[in-house]
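Q: Attaching a single structure in structure tokens format; questions to follow.
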Amino acid sequence: MFRTAVRNLLAHKARLLMTMLAVLLGVAFVAGTLVFTDTVGNAYKQQSLTSLNHVSVQAEPPFDQKIGEPGTVGKDTLRSLRRLPGVASVTGIIEGFTAVAGKDGDPIGVKHSTMGGNYFPQDDGKDNRHPLTAGRAPSGPDEVLMDTSTADQGGYRLGDTVRLAVDGPVLHKKLVGLVRTDDTAASGATLVLFDDATAQKLFLDPGQYGGVTLEADRGTSEERLAAETRDLLPKDFDVSTGTQLREQERSDAADSATGLSQVLTVFAAIALFVGIFVIGNTFTMLVTQRSREMALMRAVGADRRQVTRSVLIEAALLGLCAGAAGFVLGIGVAVGIRQLFGATGSGFPDGPLIVSPRTVLVSFLVGVVVTMLAAYVPARRAAAVPPVAAMSAIHTPPPVRSLRRRNAIGVALLAIGVLGVLYTVSRGEEGRTTVFYPAALLLIGIIVMTPMLSGPAISLAGPLLRRFGVPGTLAPRNARRNPRRTASTASALMIGLSLVTGLTVVAVSTTASLHRGAENSVRADFEISAKNFDHLPASAHASLEKSAAVTSSSPQRETTVRTGDTEVDLTGVDPRTIGGLLDPSFVSGSLADLSAGGGKNLLIDTRTADLEGWSAGQRIPVVYENGDRDTLRIGGIYHDDEFLPSTMMPVATLQPHLKEIKDTSVLVRTKAGDGDDVRRSLERTLDRNPLVQVRNVDDLAEAAGGEAVTLLLNVLYALLAMAVVIAVLGVVNTLAMSVHERTREIGMLRAVGLQPEQAKLMIRLESLLISLFGAVLGIGAGVFLGWAAGRFVTDSIRDYEMVIPWGRIAVALVGAALVGVLAGLWPARRAARLNVLTALKAD
Amino acid sequence: MHAHQPPSAPESYAAHTTDLTKVYGTGDTRVVALDAVTVGFGKGRFTAIMGPSGSGKSTLMHCMAGLDSPSFGSVRLGDTEIASLNDRQLTRLRRDRVGFVFQAFNLLPTLSALENITLPMDIAGRKPERAWLESIIRTVGLADRLGHRPAQLSGGQQQRVAVARALAGRPDIVFADEPTGNLDSRSGAEILEFLRGSASSLGQTVVMVTHDPVAASYADRVVFLADGRIVDELHAPTAEAVLERMGRLTPAHA
């Protein structure tokens with residue numbers, strides 16, 4: 001049996017190649033996922049270890065509840081720690097947000113990961129965290145260091161003046177040296193280092209550090225040093241050893257890599273699932289074609305089990321080859337995935353590709369198991385061929401089994417699936433975690449029903465195709481000839497497209513809802529705020545107000561007041577202008593109430609009202625940050641919304657009680673709208689401060705989630721592309737098989753006068769029909785699933801409304817049509833090139 | 001023998017070959033399938049081509065039907081020289097001027113009987129002549145089977161559909177390749193009657209390749225081929241006469 005299996009494999013090389021590709025791509029995805037996970041995990045480990053090289057013990061002060069900021073460590077504490085026995089060095093750590101502009105004036109670095117810190121020289125004048133690669137250490141308030149990748153990004157060289165901002169106005173500093181760091185290169189972050197005193201002044205207070213690390217002498221254990229440190233420092237300090245930190249880093253890295261690899265594994269599984277259809281289809285066709293051969297084997301004495309086994313051995317061999325090839329390709333896929341995620345800004349540290357024995361083993365196992373699984377049913381059918389079939393003169397394919405039972409099962413599954421989805425949706429939040437199961441059932445139901453659906457669906461296209469003449473008449477009939485085959489070919493495409501459509505519906509609806517929300521609530525042309533979501537430089541509002549481009553403006557000035565036992569953030573706005581800048585939807589009251597009530601009217605959003613239990617008209621005693629007391633009245637309540645402050649009151653009322661001006665943002669209306677020119681002019685007004693961002697309504701919506709959703713969607717598209725590619729292979733395969741099976745028919749058609757390009761057209765139209773059928777099914781299912789998933793988004797995004805992305809659906813349909821035409825190219829050419837005489841003699 | 005005489009009145013031939021030669025392969029594998037065959041097939045006549053396996057009878061038919069191209073010599077269908085036509089022109093010629101009946105019926109399973117009958121005209125985008133079509137269908141006795149698919153028809157009925165398909169477009173010539181090979185003798189006899197009738201009463205030229213003396217006896221004339229050459233000819237044959245001629249041929253080539 002083994003030899004027969006090998007011979008058969010070799011005899012059908014071209015056809016099997018397509019099947020193998022389907023398995024191979026699935027395996028490549030799995031192998032790629034594993035290699036990627038190992039590689040990233042390892043890179044994280046390596047990276048973490050480098051940055052903790054000189055750390056034996058780390059101590060961090062507790063969070064200061066009084067001022068609501070992280071605590072600090074004084075210079076004296078560092079001095080006492082240095083005197084502990086067994087300490088080689090002590091490093092005071094200062095870190096904070098620092099925005100940097102490039103030489104051309106535009107900010108560089110990815111948001112949130114633009115860091116600044118201190119250069120902490122040891123006795124030898126060097127900071128062992130940041131080895132200098134060029135220049136010298138900074139000294140004095142006007143000098144800075146950068147890491148090499150930051151300097152590259154900004155186009156800076158030693159001696160240049162760097163524009164940066166920490167939390168106030170633009171600072172100009174001279175670049176005196178470059179350091180090497182591992183952290184920033186891959187992720188597009190930036191790092192700027194100041195001398196110790198300057199860093200303290202910018203980020204904390206003079207003589208203070210955010211934390212401290214100690215390096216032990218050779219001969220002193222980390223544990224002993226940690227114990228001594230604990231004794232010396234107040235009890236609430238968090239002291240950990242270098243080993244603990246490294247382990248923590250390692251497990252964090254492992255966690256993040258695991259999370260990602262789980263997601264990737266899901267997509268690999270989808271690709272393999274789609275692959276099973278393609279493989280199963282091919283084996284069914286191979287077995288059908290060879291039914292006479294199988295019958296002959298049975299006639300000369302092979303029993304059923306032997307025939308089945310022979311087909312399964314073929315499948316195993318094929319799976320083995322596909323596993324090997326898939327494994328090799330998987331290494332390439334891993335590199336691709338890394339680049340894909342790198343491109344989204346969530347950069348991963350560099351490191352060597354890690355190919356573990358596990359990856360090799362899993363690749364082969366997946367290849368073999370998946371292929372054999374897919375070939376099992378066809379193998380069983382092969383064995384069912386009666387031996388007498390070998391004797392019949394005319395090749396007769398095995399009788400088509402009734403679809404009645406299959407249809408009944410399909411309808412049942414679909415019904416349960418739809419009802420299940422509707423039920424989970426109706427349960428709201430609770431259903432979120434369980435909706436996956438009925439959704440999967442629904443998709444499987446559709447897959448089972450596809451043969452039944454294929455007939456009527458394809459017939460619908462009949463009238464449209466009639467204008468193509470005989471090829472147009474024959475194409476839909478041929479597509480309907482083997483409903484099972486057409487169905488599994490279309491199903492492969494359907495799975496990928498339903499997921500793509502479902503995700504697109506949710507993503508597009510989310511983005512559209514956010515944009516609608518932003519447009520409804522914000523009437524200002526621009527919102528100016530700080531990139532670190534802290535405060536604008538104090539002078540920002542005044543500068544903007546004076547700008548000729550600005551017609552009206554209001555700050556959103558923040559302060560915290562105490563009322564009873566709780567603290568509430570109050571936002572001061574300008575009552576004269578706010579009506580033209582924000583448009584909250586009020587439950588009671590209006591923006592006009594800000595100007596009434598002698599400036600003591602406070603407007604709150606529904607969330608604050610719920611949280612504090614306040615109602616309209618209620619009087620609230622407050623204590624301002626400078627200790628002054630006052631009584632405010634709830635003048636109105638509006639629906640809460642991520643684009644609106646949670647409270648509003650006249651800024652003039654707050655002003656006398658503030659210690660300093662803290663504007664979270666300034667809203668402006670301009671003469672010339674919200675275009676890029678205006679944006680640039682506003683940026684210039686603010687000295688092109690790299691800390692400041694000037695955003696219009698669209699930017700706000702994007703920042704509120706639109707951007708992240710779009711990014712995520714693109715990554716998912718890239719991952720699902722694999723499933724679609726496999727499905728396309730399935731279409732090619734099916735058509736190649738169909739052409740092969742119908743060789744004699746095509747020969748006859750050619751004999752009675754069908755031109756080669758008409759034969760080509762006939763096959764292409766069939767391919768087009770199958771692809772579009774799969775696409776329509778997938779898009780239909782996807783829209784339903786997208787609608788269902790959207791029900792769960794409603795809870796987190798107010799005003800969520802489903803948007804059917806007609807444009808993208810059209811693109812998907814055109815794409816499917818293109819896929820159909822492309823997949824039909826090669827089989828169609830084969831059909832057209834058939835030699836009429838040879839074809840007529842084929843059986 | 002008349003076969004070696006030059007045709008006296010070429011215009012009375014529906015198909016006519018001059019020195020038709022077909023060679024397959026080169027060197028050691030070189031096979032001469034047809035060796036300078038000159039033969040004519042009269043209009044409105046039913047001719048059978050007979051010969052042992054490998055005699056070249058199928059090749060002769062394929063070359064005349066525009067399915068295969070001659071290596072040398074001329075093939076005329078009416079007054080069209082087809083040896084010089086390209087594939088596209090040959091395809092059109094087959095579509096518009098030639099009818100085929102195959103041994104294995106070769107109907108399209110997805111088309112109904114009627115659709116199969118009109119297939120060549122549908123390919124050409126021509127409307128069938130109603131009266132003619134109806135008379136053909138009546139003749140082959142398929143009027144009540146027109147909506148059936150080939151799978152719902154018996155072998156004899158399928159071949160009757162194939163004959164109707166060949167005749168429906170009023171081709172210049174119908175080629176039948178072992179049309180009774182897959183049929184029982186009664187269905188076979190029916191098909192042969194149709195073919196003979198189409199020649200005698202409708203004036204249709206029919207050329208049939210067969211190895212069955214009984215089938216050949218339905219023809220007006222039998223042409224015998226051996227080793228790629230025309231070796232004999234028989235007019236108004238009987239099965240016995242054909243068998244006797246074949247017997248004379250066979251021992252020499254056994």
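Chains: A, B, ... in order of the structure tokens. Residues: from 1 per chain. Ligands: from 1, in order shown.
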Using only C-alpha atoms, determine which residues of chain A fall within 7 Å of chain B; present them as a CSV table (one decimal) with N, CA and C atoms, in the first residue's frame.
A:
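Contents of selection.csv, freshly written:
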chain,number,residue,atom,x,y,z
A,469,GLY,N,-23.7,34.3,-24.2
A,469,GLY,CA,-23.9,33.2,-25.1
A,469,GLY,C,-23.8,31.8,-24.4
A,470,VAL,N,-23.3,30.8,-25.2
A,470,VAL,CA,-23.2,29.5,-24.6
A,470,VAL,C,-22.3,29.4,-23.4
A,477,ARG,N,-24.4,26.5,-14.9
A,477,ARG,CA,-24.9,25.1,-14.8
A,477,ARG,C,-23.7,24.2,-14.3
A,478,ASN,N,-22.5,24.5,-14.8
A,478,ASN,CA,-21.4,23.7,-14.4
A,478,ASN,C,-21.1,24.0,-12.9
A,745,GLU,N,-15.9,16.7,-22.4
A,745,GLU,CA,-17.0,17.7,-22.7
A,745,GLU,C,-16.4,18.9,-23.4
A,748,MET,N,-15.7,18.0,-26.9
A,748,MET,CA,-16.8,18.0,-27.7
A,748,MET,C,-17.3,19.4,-28.1
A,751,ALA,N,-15.1,20.6,-30.6
A,751,ALA,CA,-15.4,20.0,-31.9
A,751,ALA,C,-16.6,20.6,-32.6
A,752,VAL,N,-17.7,20.8,-31.9
A,752,VAL,CA,-18.8,21.4,-32.5
A,752,VAL,C,-18.8,22.9,-32.7
A,753,GLY,N,-17.6,23.5,-32.4
A,753,GLY,CA,-17.5,24.9,-32.8
A,753,GLY,C,-17.3,25.9,-31.8
A,754,LEU,N,-17.0,25.5,-30.5
A,754,LEU,CA,-16.7,26.5,-29.5
A,754,LEU,C,-15.3,27.0,-29.7
A,755,GLN,N,-15.1,28.3,-29.8
A,755,GLN,CA,-13.8,28.9,-30.0
A,755,GLN,C,-13.0,28.8,-28.7
A,836,VAL,N,-8.3,19.0,-29.2
A,836,VAL,CA,-9.6,18.5,-29.3
A,836,VAL,C,-9.7,17.0,-29.4
A,837,LEU,N,-8.8,16.5,-30.2
A,837,LEU,CA,-8.8,15.0,-30.5
A,837,LEU,C,-8.5,14.2,-29.2
Q: When you look at region 331-334 of chain A with a cut-off of 6 Å (counting only C-alpha atoms), what residues show up, excluding the ones that are within fewer than 2 positions of it in the same chain? I need them as a list in words.
A: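 These residues fall inside the cut-off: Gly32, Val35, Phe36, Val328, Leu329, Gly336 and Ile337 of chain A.
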Q: Mind giving me the straight-line distance from CA of Ala257 (chain A) to CA of Asn42 (chain A) in Å, one decimal?
A: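 CA of Asn42 (chain A) lies at a distance of 9.6 Å from CA of Ala257 (chain A).
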Q: Could you please determine the separation between CA of Arg309 (chain A) and CA of Ile279 (chain A) in Å, to one decimal place?
A: 16.9 Å
Q: What residues in region 86-263 of chain A get the DSSP label helix (DSSP H, G or I)? Please answer as a PyMOL selection string.
A: chain A and resi 148-154+183-187+196-203+222-232+242-263
Q: Fewer than 5 positions away in the same chain doesn't count, so skip those; otherwise give me all residues within 6 Å of region 72-82 of chain B, counting only C-alpha atoms, as a PyMOL selection string.
A: chain B and resi 14-21
